[in-house]
Amino acid sequence: MQQVAELAAITTLVKAGLLRPYLKKSEAFNIYGRKNIERWLEQGLITPRKDGDHSAAWRLDRVELETIARAISIYYCLPP
């Protein structure tokens, strides 16, 4: 329940404009770990967005990242 409440709080803060809705790829690497982000991208669990063409920076949806991270956390904390 705590995971769900925290995710709801983050979603609310994003919708209220108190948290940025997107993270740069490098910020996501720092928060969630480079290997996790690369694996989630490879598996199609998260969708990168680009601001423009060619060399534009990638953006990753904060709520999408939090949802995946918390779902994985819940999955591995449950007894088999």
# chains A, B, ... in the order shown; residues from 1 in each chain; ligands from 1
>>> select_by_dssp(residues="chain A", states="alpha helix (DSSP H)", output="ChimeraX atom specification")
/A:2-15,25-32,34-43,62-77
>>> select_by_dssp(residues="chain A", states="strand (DSSP E or B)", output="list in words")
Tyr22, Leu23, Lys24, Arg49, Lys50, Trp58, Arg59, Leu60 and Asp61 of chain A
>>> closest_residue(among="A:Tyr32, A:Thr12, A:Ser26, A:Ala57", to="Arg70 (chain A)", atoms="only C-alpha atoms")
A:Tyr32
>>> closest_residue(among="A:Val63, A:Ser73, A:Asp51, A:Ile31", to="Leu7 (chain A)", atoms="only C-alpha atoms")
A:Val63
>>> closest_residue(among="A:Leu13, A:Ala69, A:Trp58, A:Phe29", to="Leu45 (chain A)", atoms="only C-alpha atoms")
A:Ala69
>>> residues_around(residues="Glu38 (chain A)", least_positions_apart="4", cutoff="12 Å", atoms="only C-alpha atoms", output="PyMOL selection string")
chain A and resi 25-26+28-29+32-34+42-48+60+65
>>> write_last_selection(atoms="C-alpha atoms", output="short mmCIF file (atom, residue, chain, number, x, y, z; two decimals), in the first residue's frame")
data_model
loop_
_atom_site.label_atom_id
_atom_site.label_comp_id
_atom_site.auth_asym_id
_atom_site.auth_seq_id
_atom_site.Cartn_x
_atom_site.Cartn_y
_atom_site.Cartn_z
CA LYS A 25 18.01 10.34 -19.83
CA SER A 26 21.07 11.18 -17.70
CA ALA A 28 16.98 8.85 -15.04
CA PHE A 29 20.32 6.99 -15.11
CA TYR A 32 17.15 4.42 -11.38
CA GLY A 33 20.50 3.11 -12.62
CA ARG A 34 21.83 3.01 -16.15
CA GLU A 42 15.04 -2.57 -24.59
CA GLN A 43 12.02 -4.43 -23.19
CA GLY A 44 9.65 -1.66 -24.26
CA LEU A 45 8.54 -0.95 -20.69
CA ILE A 46 9.25 2.77 -21.06
CA THR A 47 8.99 5.01 -24.10
CA PRO A 48 11.59 7.69 -24.83
CA LEU A 60 11.50 9.95 -20.10
CA LEU A 65 9.54 5.38 -14.64
#
>>> atom_distance(atom1="CA of Lys15 (chain A)", atom2="CA of Lys50 (chain A)")
20.6 Å
>>> atom_distance(atom1="CA of Gly17 (chain A)", atom2="CA of Asn36 (chain A)")
26.5 Å
>>> closest_residue(among="A:Val4, A:Ile37, A:Leu19, A:Val14", to="Ala71 (chain A)", atoms="only C-alpha atoms")
A:Val4
>>> closest_residue(among="A:Ile72, A:Glu27, A:Glu66, A:Cys77", to="Ala5 (chain A)", atoms="only C-alpha atoms")
A:Glu66
>>> atom_distance(atom1="CA of Ala8 (chain A)", atom2="CA of Arg39 (chain A)")
24.6 Å
